[in-house]
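Content type mmCIF, C-alpha atoms, from the file data.cif:
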data_model
#
loop_
_atom_site.label_atom_id
_atom_site.label_comp_id
_atom_site.auth_asym_id
_atom_site.auth_seq_id
_atom_site.Cartn_x
_atom_site.Cartn_y
_atom_site.Cartn_z
CA MET Z 33 -5.27 5.66 -4.12
CA LYS Z 34 -2.09 5.24 -6.09
CA TYR Z 35 -1.62 1.87 -7.77
CA LEU Z 36 1.36 0.31 -9.50
CA VAL Z 37 0.18 -2.13 -12.15
CA THR Z 38 2.99 -4.11 -13.76
CA GLY Z 39 2.26 -5.55 -17.19
CA ALA Z 40 -0.13 -2.66 -17.83
CA ALA Z 41 0.07 -3.10 -21.60
CA GLY Z 42 -0.68 -6.80 -21.24
CA PHE Z 43 -4.06 -8.46 -21.46
CA ILE Z 44 -5.04 -8.57 -17.78
CA GLY Z 45 -2.98 -5.54 -16.75
CA PHE Z 46 -4.72 -3.39 -19.37
CA HIS Z 47 -8.19 -4.34 -18.17
CA VAL Z 48 -7.28 -3.87 -14.50
CA SER Z 49 -5.72 -0.47 -15.18
CA LYS Z 50 -8.69 0.68 -17.24
CA ARG Z 51 -11.13 -0.32 -14.51
CA LEU Z 52 -9.09 1.52 -11.86
CA LEU Z 53 -8.76 4.64 -13.99
CA ALA Z 54 -12.49 4.68 -14.74
CA ALA Z 55 -13.07 4.63 -10.97
CA GLY Z 56 -10.88 7.72 -10.56
CA GLU Z 57 -7.79 6.01 -9.15
CA GLU Z 58 -4.21 6.98 -9.99
CA VAL Z 59 -2.30 4.29 -11.90
CA VAL Z 60 1.38 3.98 -12.73
CA GLY Z 61 1.54 1.35 -15.44
CA LEU Z 62 4.82 -0.47 -16.02
CA ASP Z 63 5.56 -2.61 -19.06
CA SER Z 64 8.61 -3.61 -21.10
CA LEU Z 65 6.59 -3.88 -24.35
CA SER Z 66 8.38 -7.13 -25.19
CA ASP Z 67 7.88 -8.61 -28.64
CA TYR Z 68 6.68 -12.01 -27.36
CA TYR Z 69 3.51 -11.14 -29.28
CA ASP Z 70 2.25 -8.26 -31.42
CA VAL Z 71 3.56 -5.01 -29.90
CA ASN Z 72 0.96 -3.04 -31.88
CA LEU Z 73 -1.77 -4.70 -29.82
CA LYS Z 74 0.01 -3.60 -26.65
CA MET Z 75 0.36 -0.06 -27.99
CA MET Z 76 -3.35 0.10 -28.79
CA ARG Z 77 -4.15 -0.97 -25.23
CA LEU Z 78 -1.80 1.73 -23.91
CA LYS Z 79 -3.44 4.34 -26.11
CA GLN Z 80 -6.72 3.75 -24.30
CA LEU Z 81 -5.09 4.05 -20.89
CA GLU Z 82 -3.21 7.22 -21.81
CA ALA Z 83 -6.55 8.92 -22.46
CA TYR Z 84 -6.86 9.22 -18.67
CA ASP Z 85 -5.09 12.10 -16.88
CA THR Z 86 -4.40 9.90 -13.87
CA PHE Z 87 -2.37 7.33 -15.85
CA GLN Z 88 1.42 7.38 -16.09
CA PHE Z 89 3.27 4.87 -18.27
CA VAL Z 90 6.76 3.67 -17.39
CA LYS Z 91 8.58 1.58 -20.00
CA CYS Z 92 10.90 -0.64 -18.04
CA ASP Z 93 12.11 -4.23 -17.86
CA LEU Z 94 11.45 -5.95 -14.54
CA ALA Z 95 15.03 -7.20 -14.55
CA ASP Z 96 16.32 -3.58 -14.39
CA ARG Z 97 17.03 -3.51 -10.67
CA ASP Z 98 18.07 0.14 -10.41
CA ARG Z 99 15.07 1.52 -12.32
CA ILE Z 100 12.59 -0.59 -10.37
CA SER Z 101 14.17 0.54 -7.11
CA LYS Z 102 13.99 4.19 -8.17
CA LEU Z 103 10.34 3.80 -9.22
CA PHE Z 104 9.40 2.68 -5.71
CA GLN Z 105 11.52 5.36 -4.06
CA GLU Z 106 9.70 8.05 -6.03
CA ASN Z 107 6.18 6.67 -5.59
CA PRO Z 108 4.53 5.77 -2.26
CA PHE Z 109 2.17 3.20 -3.77
CA ASP Z 110 -0.96 2.26 -1.81
CA ARG Z 111 -1.29 -0.99 -3.74
CA VAL Z 112 0.96 -2.97 -6.06
CA ILE Z 113 -0.71 -5.28 -8.59
CA HIS Z 114 2.09 -7.35 -10.12
CA LEU Z 115 0.84 -8.93 -13.34
CA ALA Z 116 3.92 -8.65 -15.55
CA ALA Z 117 5.52 -11.97 -16.43
CA GLN Z 118 6.80 -14.00 -19.31
CA ALA Z 119 3.74 -16.09 -20.11
CA GLY Z 120 3.26 -19.31 -22.03
CA VAL Z 121 3.83 -22.94 -21.12
CA ARG Z 122 5.33 -24.17 -24.39
CA TYR Z 123 7.52 -21.09 -24.92
CA SER Z 124 9.25 -21.86 -21.61
CA ILE Z 125 10.52 -25.18 -22.97
CA GLU Z 126 12.53 -23.43 -25.72
CA ASN Z 127 13.35 -20.15 -23.94
CA PRO Z 128 13.91 -20.92 -20.25
CA HIS Z 129 16.21 -17.99 -19.46
CA VAL Z 130 13.55 -15.42 -20.34
CA TYR Z 131 11.36 -16.86 -17.58
CA ILE Z 132 14.15 -16.69 -15.03
CA ASP Z 133 14.88 -13.04 -15.85
CA SER Z 134 11.26 -11.90 -15.89
CA ASN Z 135 9.41 -14.15 -13.47
CA LEU Z 136 12.08 -14.76 -10.85
CA VAL Z 137 14.54 -11.86 -11.01
CA GLY Z 138 11.77 -9.39 -11.89
CA THR Z 139 9.51 -10.51 -9.06
CA CYS Z 140 12.42 -10.25 -6.63
CA HIS Z 141 12.85 -6.62 -7.64
CA ILE Z 142 9.13 -5.95 -7.11
CA LEU Z 143 9.28 -7.57 -3.67
CA GLU Z 144 12.33 -5.49 -2.75
CA GLY Z 145 10.49 -2.36 -3.88
CA CYS Z 146 7.50 -3.28 -1.73
CA ARG Z 147 9.84 -3.88 1.20
CA ALA Z 148 11.52 -0.51 0.74
CA ILE Z 149 8.28 1.47 1.02
CA ALA Z 150 6.38 -0.98 3.27
CA VAL Z 151 3.59 -1.25 0.69
CA PRO Z 152 0.21 -1.93 2.38
CA HIS Z 153 -0.67 -4.80 0.01
CA LEU Z 154 0.98 -6.64 -2.86
CA VAL Z 155 -1.33 -8.64 -5.13
CA TYR Z 156 0.44 -10.76 -7.73
CA ALA Z 157 -0.41 -13.15 -10.54
CA SER Z 158 0.17 -16.82 -10.06
CA SER Z 159 -1.34 -19.43 -12.38
CA SER Z 160 -3.49 -22.54 -12.46
CA SER Z 161 -0.46 -24.21 -14.06
CA VAL Z 162 1.08 -24.59 -10.58
CA TYR Z 163 -1.25 -27.56 -10.01
CA GLY Z 164 0.88 -29.53 -12.46
CA SER Z 165 0.50 -33.25 -11.87
CA ASN Z 166 -2.32 -32.83 -9.33
CA THR Z 167 -5.41 -34.82 -10.33
CA ARG Z 168 -7.84 -34.22 -7.45
CA MET Z 169 -10.58 -31.98 -8.79
CA PRO Z 170 -11.52 -29.24 -8.37
CA PHE Z 171 -8.06 -27.83 -7.68
CA SER Z 172 -7.92 -26.41 -4.16
CA VAL Z 173 -5.52 -23.79 -2.81
CA HIS Z 174 -5.28 -25.96 0.30
CA ASP Z 175 -3.61 -28.80 -1.63
CA ASN Z 176 0.14 -29.06 -2.12
CA VAL Z 177 1.43 -28.03 -5.56
CA ASP Z 178 4.94 -29.43 -5.62
CA HIS Z 179 4.94 -31.17 -9.01
CA PRO Z 180 4.93 -28.58 -11.83
CA VAL Z 181 5.21 -29.89 -15.39
CA SER Z 182 6.61 -26.77 -17.08
CA LEU Z 183 9.24 -24.18 -16.19
CA TYR Z 184 6.56 -21.49 -16.45
CA ALA Z 185 4.57 -23.27 -13.73
CA ALA Z 186 7.71 -23.68 -11.62
CA THR Z 187 8.41 -19.93 -11.77
CA LYS Z 188 4.85 -19.17 -10.68
CA LYS Z 189 5.13 -21.57 -7.76
CA ALA Z 190 8.46 -19.92 -6.92
CA ASN Z 191 6.75 -16.50 -6.94
CA GLU Z 192 4.34 -17.74 -4.28
CA LEU Z 193 7.24 -18.98 -2.15
CA MET Z 194 9.16 -15.74 -2.62
CA ALA Z 195 6.11 -13.69 -1.61
CA HIS Z 196 5.62 -15.83 1.48
CA THR Z 197 9.22 -15.22 2.53
CA TYR Z 198 8.71 -11.44 2.34
CA SER Z 199 5.41 -11.70 4.20
CA HIS Z 200 7.16 -13.71 6.92
CA LEU Z 201 10.35 -11.68 7.24
CA PHE Z 202 9.04 -8.16 6.66
CA ARG Z 203 5.29 -8.53 7.37
CA ILE Z 204 4.37 -7.33 3.88
CA PRO Z 205 0.78 -8.45 3.16
CA THR Z 206 0.85 -10.47 -0.07
CA THR Z 207 -1.91 -12.21 -2.02
CA GLY Z 208 -1.28 -14.61 -4.89
CA LEU Z 209 -3.98 -15.20 -7.50
CA ARG Z 210 -4.04 -18.40 -9.52
CA PHE Z 211 -5.77 -17.47 -12.77
CA PHE Z 212 -7.55 -20.13 -14.80
CA THR Z 213 -7.46 -19.79 -18.64
CA VAL Z 214 -8.34 -16.12 -19.00
CA TYR Z 215 -10.02 -15.02 -22.25
CA GLY Z 216 -11.93 -12.08 -23.68
CA PRO Z 217 -11.55 -8.86 -25.70
CA TRP Z 218 -7.98 -7.57 -26.09
CA GLY Z 219 -6.73 -11.10 -25.31
CA ARG Z 220 -3.31 -12.58 -26.02
CA PRO Z 221 -2.73 -13.72 -29.63
CA ASP Z 222 -0.89 -16.85 -28.44
CA MET Z 223 -3.95 -18.20 -26.62
CA ALA Z 224 -6.16 -20.90 -28.16
CA LEU Z 225 -9.29 -18.78 -28.58
CA PHE Z 226 -7.38 -16.07 -30.47
CA LEU Z 227 -5.49 -18.59 -32.61
CA PHE Z 228 -8.64 -20.55 -33.44
CA THR Z 229 -10.62 -17.44 -34.36
CA LYS Z 230 -7.89 -16.20 -36.70
CA ALA Z 231 -7.50 -19.59 -38.38
CA ILE Z 232 -11.22 -20.21 -38.86
CA LEU Z 233 -11.79 -16.79 -40.39
CA GLU Z 234 -8.84 -17.39 -42.74
CA ASP Z 235 -10.15 -20.85 -43.74
CA LYS Z 236 -7.15 -22.56 -42.16
CA PRO Z 237 -7.22 -25.73 -40.05
CA ILE Z 238 -6.83 -25.56 -36.28
CA ASP Z 239 -4.64 -27.88 -34.18
CA VAL Z 240 -6.72 -29.47 -31.42
CA PHE Z 241 -4.46 -31.08 -28.83
CA ASN Z 242 -5.19 -34.10 -26.66
CA PHE Z 243 -7.68 -34.99 -29.41
CA GLY Z 244 -10.02 -32.31 -28.08
CA LYS Z 245 -10.32 -33.93 -24.64
CA MET Z 246 -8.63 -31.05 -22.84
CA ARG Z 247 -10.88 -29.47 -20.22
CA ARG Z 248 -10.26 -25.88 -19.19
CA ASP Z 249 -11.88 -23.63 -16.62
CA PHE Z 250 -12.26 -20.73 -19.09
CA THR Z 251 -12.60 -17.49 -17.11
CA TYR Z 252 -13.84 -14.28 -18.70
CA ILE Z 253 -11.63 -11.23 -18.28
CA ASP Z 254 -14.26 -9.11 -16.48
CA ASP Z 255 -14.55 -11.80 -13.81
CA ILE Z 256 -10.77 -11.85 -13.39
CA VAL Z 257 -10.67 -8.06 -12.97
CA GLU Z 258 -13.52 -8.08 -10.46
CA GLY Z 259 -11.72 -10.74 -8.44
CA ILE Z 260 -8.43 -8.84 -8.48
CA LEU Z 261 -9.95 -5.57 -7.32
CA ARG Z 262 -11.99 -7.17 -4.56
CA VAL Z 263 -8.94 -9.02 -3.30
CA CYS Z 264 -6.92 -5.78 -3.37
CA GLU Z 265 -9.13 -4.38 -0.63
CA ASN Z 266 -9.05 -7.60 1.39
CA ILE Z 267 -5.63 -7.28 3.01
CA PRO Z 268 -4.50 -10.67 4.31
CA GLN Z 269 -3.96 -11.26 7.99
CA ALA Z 270 -1.92 -13.94 9.69
CA ASN Z 271 -3.96 -17.10 10.22
CA PRO Z 272 -4.03 -17.64 14.01
CA ASP Z 273 -4.87 -21.32 13.52
CA TRP Z 274 -1.99 -22.02 11.13
CA SER Z 275 0.19 -24.90 12.32
CA GLY Z 276 3.54 -26.15 11.14
CA ASP Z 277 2.42 -29.65 12.12
CA ASP Z 278 -0.29 -29.55 9.45
CA PRO Z 279 0.66 -26.59 7.21
CA ASP Z 280 -2.08 -25.04 5.08
CA PRO Z 281 -0.51 -23.97 1.74
CA ALA Z 282 -3.10 -21.22 1.18
CA THR Z 283 -2.53 -19.29 4.43
CA SER Z 284 0.24 -18.68 6.91
CA ALA Z 285 1.29 -17.36 10.28
CA ALA Z 286 2.42 -14.42 8.13
CA PRO Z 287 0.04 -12.00 6.31
CA TYR Z 288 -0.16 -14.18 3.20
CA LYS Z 289 -3.00 -15.67 1.14
CA ILE Z 290 -3.54 -17.63 -2.07
CA TYR Z 291 -6.78 -17.68 -4.10
CA ASN Z 292 -8.01 -19.39 -7.22
CA ILE Z 293 -9.88 -17.20 -9.70
CA GLY Z 294 -11.64 -19.52 -12.12
CA ASN Z 295 -15.08 -20.07 -13.54
CA ASN Z 296 -15.61 -23.25 -11.45
CA ASN Z 297 -17.08 -24.88 -14.55
CA PRO Z 298 -14.57 -26.67 -16.82
CA VAL Z 299 -15.42 -26.87 -20.52
CA GLU Z 300 -14.11 -29.47 -22.94
CA LEU Z 301 -12.03 -27.98 -25.73
CA LEU Z 302 -14.35 -29.40 -28.41
CA ASP Z 303 -17.30 -27.64 -26.75
CA MET Z 304 -15.36 -24.37 -26.69
CA ILE Z 305 -14.67 -24.79 -30.41
CA SER Z 306 -18.37 -25.44 -31.06
CA ALA Z 307 -19.29 -22.25 -29.19
CA LEU Z 308 -16.71 -20.35 -31.26
CA GLU Z 309 -18.10 -21.80 -34.49
CA ASP Z 310 -21.59 -20.65 -33.48
CA ALA Z 311 -20.33 -17.13 -32.70
CA LEU Z 312 -18.45 -16.94 -36.02
CA GLY Z 313 -21.17 -18.64 -38.05
CA LYS Z 314 -18.47 -20.80 -39.56
CA LYS Z 315 -17.15 -24.33 -39.07
CA ALA Z 316 -13.56 -25.19 -38.22
CA GLU Z 317 -11.37 -27.76 -39.91
CA ARG Z 318 -9.92 -29.68 -36.96
CA ASN Z 319 -6.53 -31.40 -36.79
CA LEU Z 320 -6.74 -33.71 -33.77
CA LYS Z 321 -3.33 -34.16 -32.13
CA PRO Z 322 -1.85 -35.69 -28.95
CA ILE Z 323 -1.26 -33.62 -25.83
CA GLN Z 324 1.82 -31.37 -25.89
CA PRO Z 325 4.72 -31.45 -23.41
CA GLY Z 326 4.06 -29.23 -20.40
CA ASP Z 327 0.26 -29.26 -20.82
CA VAL Z 328 -2.15 -30.69 -18.28
CA PRO Z 329 -5.33 -32.46 -19.44
CA ALA Z 330 -7.74 -30.55 -17.21
CA THR Z 331 -8.11 -27.53 -14.95
CA TYR Z 332 -10.98 -26.89 -12.56
CA ALA Z 333 -10.95 -24.23 -9.84
CA ASN Z 334 -12.34 -24.53 -6.35
CA VAL Z 335 -13.23 -20.90 -5.53
CA ASP Z 336 -14.76 -21.38 -2.07
CA ASP Z 337 -12.15 -19.16 -0.40
CA LEU Z 338 -12.76 -16.35 -2.89
CA ILE Z 339 -16.50 -16.55 -2.25
CA ASN Z 340 -16.10 -16.68 1.52
CA ASP Z 341 -13.54 -13.88 1.80
CA VAL Z 342 -14.61 -11.34 -0.84
CA GLY Z 343 -18.13 -12.49 -1.80
CA PHE Z 344 -17.42 -13.07 -5.47
CA LYS Z 345 -17.64 -16.01 -7.86
CA PRO Z 346 -16.82 -15.83 -11.60
CA GLU Z 347 -19.90 -16.90 -13.55
CA THR Z 348 -19.74 -15.60 -17.14
CA PRO Z 349 -20.85 -18.48 -19.42
CA ILE Z 350 -18.40 -19.50 -22.14
CA THR Z 351 -20.96 -18.75 -24.87
CA VAL Z 352 -21.42 -15.17 -23.66
CA GLY Z 353 -17.69 -14.55 -23.26
CA ILE Z 354 -16.85 -15.95 -26.70
CA GLU Z 355 -19.53 -13.83 -28.37
CA LYS Z 356 -18.00 -10.72 -26.78
CA PHE Z 357 -14.51 -11.76 -27.85
CA VAL Z 358 -15.59 -12.40 -31.44
CA ALA Z 359 -17.36 -9.01 -31.60
CA TRP Z 360 -14.17 -7.30 -30.39
CA TYR Z 361 -11.96 -9.32 -32.76
CA LYS Z 362 -14.02 -8.39 -35.81
CA ASP Z 363 -14.10 -4.74 -34.80
CA TYR Z 364 -10.37 -4.57 -34.01
CA TYR Z 365 -9.35 -6.16 -37.30
CA SER Z 366 -12.09 -4.35 -39.25
CA LEU Z 367 -13.81 -7.56 -40.32
CA LYS Z 368 -17.47 -7.83 -41.26
#

What is this file in structure tokens?
Amino acid sequence: MKYLVTGAAGFIGFHVSKRLLAAGEEVVGLDSLSDYYDVNLKMMRLKQLEAYDTFQFVKCDLADRDRISKLFQENPFDRVIHLAAQAGVRYSIENPHVYIDSNLVGTCHILEGCRAIAVPHLVYASSSSVYGSNTRMPFSVHDNVDHPVSLYAATKKANELMAHTYSHLFRIPTTGLRFFTVYGPWGRPDMALFLFTKAILEDKPIDVFNFGKMRRDFTYIDDIVEGILRVCENIPQANPDWSGDDPDPATSAAPYKIYNIGNNNPVELLDMISALEDALGKKAERNLKPIQPGDVPATYANVDDLINDVGFKPETPITVGIEKFVAWYKDYYSLK
């Protein structure tokens, strides 16, 4: 099959593309190669993908309406996996317009492209951040998520609403995936695990927010990829039992579905740091600080729907995932 993977030079997009290419699929990878973080890391990811004959890279900004439209006109995609977005909770506080251009305008252009070719299935990245002020744990896709606490989260919630509109109006099957704190080799340098590893190895202190009491459902990248690819082949159908009197946010009378992909096992930040110290064989100097604006104190995914519909549950232990990340980090940066 022919896949469009947006954000192909990004962390998750790279791993998804590589898995598809290794399975013999054809992948068109789109990325703007923005300088939000180290472009060299993105180029090294691309270099691995370009080793496959069935990979085509398209450098393009999602906000470029004409180029996105032309891309869809020239390629009858069997699946679209839309992972490109401006990421980061705190960055959205200082740079809101970037999120509007990428996450809202860009997603609109992807939806219009899918509409133009009647794509059989659009799978797109949402985020655990949409749960915002929700406190009932574990977070369920069947709960309302109407109180985001960052603009990033608001754009991801908006993406789900936009996708539903296209599913309703044009019967395009769409599936939104709420990722929970993804980590692993080739990860993003702005994420805590990457930042902590770099600082510890350089004998610099690490900033530990919410005094280390943050709890995150850390999810290893291989589990995320497995979930994405299984969901890709599980094309959503309209829920015949859906009722406007008691609307289920995770399904619809349209071909629309939302899933959590998380490890279903939240880990306290201090325990994550301890696991990282063990993997590095080195202790961290910790600066305990209050919680930051836009952050939530805990995330915890209910993945019952994912298990029931595609037979998969992320289960990689944090200790195993961190060991693999540290091994990659040392190899990538040529450290002993």

- Query: For the file shown, what are the residues hit by the PyMOL selection byres ((chain Z and resi 57) around 9), laid out as number ranges by chain?
  - Reply: Z: 33-35, 51-56, 58-59, 86-87

- Message: Residues within 7 Å of segment 61-67 of chain Z, please, as a count of residues only. Count only C-alpha atoms; anything in the same chain fewer than 6 positions from it doesn't count.
- Response: 13

- Item | For atom CA of Pro281 of chain Z and atom CA of His129 of chain Z, the interatomic separation in Å (one decimal) |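 Here the two named atoms are 27.7 Å from each other.
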
- Could you tell me how far atom CA of Glu355 of chain Z lies from atom CA of Ala311 of chain Z, in Å and to one decimal?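 Computed distance, atom CA of Glu355 of chain Z to atom CA of Ala311 of chain Z, equals 5.5 Å.
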
- Query: Can you list, as an NGL selection string, every protein, DNA or RNA residue that comes within 9 Å of Cys140 of chain Z when you count all atoms listed in the file, leaving out same-chain residues fewer than 4 positions away?
  - Reply: :Z and (95 or 135-136 or 144-145 or 191 or 194-195)

- Item | Nearest to Pro217 of chain Z, chosen from Z:His200, Z:Arg97, Z:His114, Z:Lys362, with all atoms listed in the file counted in the distances | Z:Lys362

- By how many Å are atom CA of Thr213 of chain Z and atom CA of Ile350 of chain Z apart?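 These atoms are spaced 11.5 Å apart.
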
- Message: Could you check which residues have any atom within 12 Å of (-16.4, -21.9, -2.3), counting only C-alpha atoms with coordinates taken straight from the file, and then list them as a list in words?
- Response: Pro170, Phe171, Ser172, Val173, Tyr291, Asn292, Ile293, Gly294, Asn295, Asn296, Ala333, Asn334, Val335, Asp336, Asp337, Leu338, Ile339, Asn340, Asp341, Val342, Gly343, Phe344, Lys345 and Pro346 of chain Z

Any chance you could work out the residue set of the PyMOL selection byres ((chain Z and resi 203) around 10) here, as a PDB file with C-alpha atoms, in the frame of the given file?
ATOM      1  CA  ARG Z 147       9.840  -3.880   1.200  1.00  0.00           C
ATOM      2  CA  ALA Z 150       6.380  -0.980   3.270  1.00  0.00           C
ATOM      3  CA  PRO Z 152       0.210  -1.930   2.380  1.00  0.00           C
ATOM      4  CA  HIS Z 196       5.620 -15.830   1.480  1.00  0.00           C
ATOM      5  CA  THR Z 197       9.220 -15.220   2.530  1.00  0.00           C
ATOM      6  CA  TYR Z 198       8.710 -11.440   2.340  1.00  0.00           C
ATOM      7  CA  SER Z 199       5.410 -11.700   4.200  1.00  0.00           C
ATOM      8  CA  HIS Z 200       7.160 -13.710   6.920  1.00  0.00           C
ATOM      9  CA  LEU Z 201      10.350 -11.680   7.240  1.00  0.00           C
ATOM     10  CA  PHE Z 202       9.040  -8.160   6.660  1.00  0.00           C
ATOM     11  CA  ILE Z 204       4.370  -7.330   3.880  1.00  0.00           C
ATOM     12  CA  PRO Z 205       0.780  -8.450   3.160  1.00  0.00           C
ATOM     13  CA  THR Z 206       0.850 -10.470  -0.070  1.00  0.00           C
ATOM     14  CA  GLN Z 269      -3.960 -11.260   7.990  1.00  0.00           C
ATOM     15  CA  ALA Z 270      -1.920 -13.940   9.690  1.00  0.00           C
ATOM     16  CA  ALA Z 286       2.420 -14.420   8.130  1.00  0.00           C
ATOM     17  CA  PRO Z 287       0.040 -12.000   6.310  1.00  0.00           C
ATOM     18  CA  TYR Z 288      -0.160 -14.180   3.200  1.00  0.00           C
TER      19      TYR Z 288
END

- Task: Excluding segment 180-185 of chain Z and any residue of its chain fewer than 6 positions from it, enumerate the residues within 9 Å of it, using only C-alpha atoms, and give them as a list of chain:residue names.
- Result: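 Neighbouring residues, sequence-local ones excluded: Z:Gln118, Z:Ala119, Z:Gly120, Z:Val121, Z:Arg122, Z:Tyr123, Z:Ser124, Z:Ile125, Z:Pro128, Z:Tyr131, Z:Asn135, Z:Ser158, Z:Ser159, Z:Ser160, Z:Ser161, Z:Val162, Z:Tyr163, Z:Gly164, Z:Ser165, Z:Asn166, Z:Pro325, Z:Gly326, Z:Asp327, Z:Val328.
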
- Which residues come within 9 Å of segment 221-225 of chain Z, counting only C-alpha atoms, excluding same-chain residues fewer than 2 positions away, as a list in words?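 Once the adjacent positions are removed, what remains is Tyr69, Asp70, Gly120, Thr213, Tyr215, Gly216, Trp218, Gly219, Leu227, Phe228, Thr229, Lys230, Met304, Ile305, Leu308, Ile354 and Phe357 of chain Z.
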
Which polymer residues have any atom within 10 Å of an atom of His153 of chain Z, counting only C-alpha atoms, with same-chain residues fewer than 3 positions away left out, as a compact mmCIF listing (two decimals) with C-alpha atoms, keeping the file's coordinate frame?
# COMPACT_ATOMS: atom_id res chain seq x y z
CA PHE Z 109 2.17 3.20 -3.77
CA ASP Z 110 -0.96 2.26 -1.81
CA ARG Z 111 -1.29 -0.99 -3.74
CA VAL Z 112 0.96 -2.97 -6.06
CA ILE Z 113 -0.71 -5.28 -8.59
CA CYS Z 146 7.50 -3.28 -1.73
CA ALA Z 150 6.38 -0.98 3.27
CA TYR Z 156 0.44 -10.76 -7.73
CA ILE Z 204 4.37 -7.33 3.88
CA PRO Z 205 0.78 -8.45 3.16
CA THR Z 206 0.85 -10.47 -0.07
CA THR Z 207 -1.91 -12.21 -2.02
CA VAL Z 263 -8.94 -9.02 -3.30
CA CYS Z 264 -6.92 -5.78 -3.37
CA GLU Z 265 -9.13 -4.38 -0.63
CA ASN Z 266 -9.05 -7.60 1.39
CA ILE Z 267 -5.63 -7.28 3.01
CA PRO Z 268 -4.50 -10.67 4.31
CA PRO Z 287 0.04 -12.00 6.31
CA TYR Z 288 -0.16 -14.18 3.20

Report as lines of an AutoDock Vina configuration file the centre and the edge lengths, in Å to one decimal, of the axis-aligned box holding every listed atom of segment 109-125 of chain Z, padded by 6 Å on each side.
center_x = 4.6
center_y = -11.0
center_z = -13.4
size_x = 23.8
size_y = 40.4
size_z = 35.1

- Task: Considering only C-alpha atoms, state which residue in the set Z:Phe46, Z:Trp360, Z:Phe250, Z:Tyr68 is at the smallest distance from Leu81 of chain Z.
- Result: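 So, comparing all the options, the nearest one is Z:Phe46.
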
- Query: Between Z:Val60, Z:Pro322, Z:Glu309, Z:Thr283, which has the minimum distance to Asp175 of chain Z (counting all atoms listed in the file)?
  - Reply: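 Checking each of Z:Val60, Z:Pro322, Z:Glu309, Z:Thr283 against Asp175 of chain Z, counting all atoms listed in the file, the winner is Z:Thr283.
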
Selection dump of the PyMOL selection byres ((chain Z and resi 252) around 6), as a short mmCIF file (atom, residue, chain, number, x, y, z; two decimals) with C-alpha atoms, keeping the file's coordinate frame:
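Generated file (out.cif):
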data_model
loop_
_atom_site.label_atom_id
_atom_site.label_comp_id
_atom_site.auth_asym_id
_atom_site.auth_seq_id
_atom_site.Cartn_x
_atom_site.Cartn_y
_atom_site.Cartn_z
CA VAL Z 214 -8.34 -16.12 -19.00
CA TYR Z 215 -10.02 -15.02 -22.25
CA GLY Z 216 -11.93 -12.08 -23.68
CA THR Z 251 -12.60 -17.49 -17.11
CA ILE Z 253 -11.63 -11.23 -18.28
CA ASP Z 254 -14.26 -9.11 -16.48
CA ASP Z 255 -14.55 -11.80 -13.81
CA GLY Z 353 -17.69 -14.55 -23.26
#

- Task: Choose the residue, out of Z:Ile142, Z:Leu115, Z:Ala186, Z:Leu193, that has the smallest atom-to-atom separation from Leu209 of chain Z; count all atoms listed in the file.
- Result: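 Using all atoms listed in the file, the shortest distance to Leu209 of chain Z belongs to Z:Leu115.
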
- Using only C-alpha atoms, which of Z:Asn107, Z:Asn242, Z:Asn297, Z:Asn127 sits nearest Pro329 of chain Z?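 Going through Z:Asn107, Z:Asn242, Z:Asn297, Z:Asn127 one by one, the smallest distance to Pro329 of chain Z is for Z:Asn242.
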